[in-house]
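J.: One structure coming up, written as structure tokens, with questions to follow.
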Amino acid sequence: MDSVSNASYASDHYAFLQHLHERLRPEVYLETGVEHGSTLQLAQAQAIGIDPQPQLTVALRENMCIYEQTSDDFFASHEVFGLTGHRPIDLAFIDGLHLFEAALNDFINIERYSHAGTVVCIHDVLPSTVKMAARDPQPDGWTGDVFGLVLALREHRPDLFSATIDVPDTGMLVLSNLDPANTTLRDRYPQILAQHMAIDYARIHEHRNAVFDLVPYSEAIVDFLVESMEVSRARARVRSACDFLNGEPRVRLGDSRLASVR
Ligand SMILES: C[S@@+](CC[C@H](N)C(=O)[O-])C[C@H]1O[C@@H](n2cnc3c(N)ncnc32)[C@H](O)[C@@H]1O
């Protein structure tokens, strides 16, 4: 894969994701909202794409699979570990239906198949106009109310690492320190929808940099994400090795190398 220059890492969401793929080298990548496939094809290992109406313009590699259904239907009908050989998702990109509840559902579903070092990127959290943030699709660019995720996750999941990065054109929410056992979002689901689907973006727009705690792209953020993933993988290897030594060999999440050795 060609490297992009340092200055262009955050020139758009494609360059940003390309850089993340180069640095994180995810073993399992999942994307909701594939469209032409340009961001899906950044994945070098297993890639799972979900889109009810994909319009692929790229060739699919052998280790890529597209599920032609909504992400809600996909997660209701597939056990992701069954598709990945029990490996968790390392990197996910949420870019499907531009509505708060759809992006929230995607995050909740992805987290069930995560590890602590998993990185989830949510696109379109920074509408550049009030019109773009409407819940009805707009002809001149539409982010919908996905921006609500920044506020909802900060309030209800302060344990997550969360950075709203000023990636043109419409921002990127980057999350890590996931916990597959955490049920807070599911438990508070009705409350979260009532609270956050009611937010009027017109009241936020002028102050959005402060409200979203917007940060510019920095290599330090990516360094942190890489380190978190490496720590999480190392912990999984230690757990797996302990199980092995204790005579309890089993496939451990995040440990495909040991699993495949057995
Ligand atoms: C903005 S495009 C994705 C672009 C792509 N990720 C990229 O960066 O090149 C949004 C896609 O989401 C898909 N989509 C719409 N509703 C969806 C849903 N409920 N679940 C998954 N994908 C959905 C649309 O068909 C469309 O292809």
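Just remember, in the structure tokens the first chain shown is A, the second B, etc., residues are 1-based per chain, and ligands are 1-based in the order shown.
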Enumerate residues in contact with ligand 1: an atom-to-atom distance of at most 8 Å, counting only C-alpha atoms and all ligand atoms. Format the result as an MDAnalysis selection string.
T.: chainID A and resid 13:14 31:40 50:55 69:72 93:98 102
J.: Need to verify the contact set: Leu160 of chain A, 8 Å, only C-alpha atoms, exclusion of same-chain residues closer than 2 positions in sequence. Can you return it as a list in words?
T.: Leu153, Arg154, Arg157, Pro158, Ser162, Leu175, Ser176, Asn177 and Leu178 of chain A
J.: Near segment 184-200 of chain A, counting only C-alpha atoms, which residues have an atom at most 8 Å away, once you skip same-chain residues fewer than 3 positions from it, shown as a PyMOL selection string?
T.: chain A and resi 100-101+108+145+148+151-152+156-157+203-204
J.: Could you work out how far atom CA of Val222 of chain A lies from atom CA of Leu20 of chain A, giving the answer in Å with one decimal?
T.: 7.2 Å
J.: If you measure from atom CA of Thr164 of chain A to atom CA of Asp213 of chain A, what distance in Å do you get, rounded to one decimal?
T.: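 Between atom CA of Thr164 of chain A and atom CA of Asp213 of chain A the gap is 6.7 Å.
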J.: Give me, as a PyMOL selection string, all polymer residues having an atom no more than 9 Å from His21 of chain A, counting only C-alpha atoms and skipping those fewer than 6 positions away in the same chain.
T.: chain A and resi 42-44+91
J.: Could you take the residues named above and write them with N, CA and C atoms, as a compact mmCIF listing (two decimals), in the first residue's frame?
T.:
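Resulting contents of again35.txt:
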```txt
# COMPACT_ATOMS: atom_id res chain seq x y z
N LEU A 42 -9.33 -0.77 1.57
CA LEU A 42 -8.10 -0.40 2.30
C LEU A 42 -7.64 -1.55 3.19
N ALA A 43 -8.56 -2.44 3.56
CA ALA A 43 -8.22 -3.54 4.47
C ALA A 43 -7.37 -4.57 3.74
N GLN A 44 -6.29 -4.98 4.39
CA GLN A 44 -5.39 -5.97 3.78
C GLN A 44 -5.71 -7.38 4.25
N LEU A 91 -10.76 -3.22 13.75
CA LEU A 91 -11.05 -1.85 13.29
C LEU A 91 -12.42 -1.87 12.62
```
J.: Closest to Ser128 of chain A among A:Glu155, A:Glu22, A:Asp12, A:Glu206, using only C-alpha atoms?
T.: A:Glu206
J.: Of the candidates A:Val226, A:Leu149, A:Met64, A:Ile110, which one gets nearest to Asp179 of chain A if we count only C-alpha atoms?
T.: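 For Asp179 of chain A, the nearest of the given residues is A:Ile110.
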J.: Please report, as a PyMOL selection string, each residue of segment 54-247 of chain A to which DSSP assigns helix (DSSP H, G or I) when run on this structure's backbone.
T.: chain A and resi 71-77+80-84+100-111+131-133+148-156+184-187+189-196+201-203+205-211+219-245
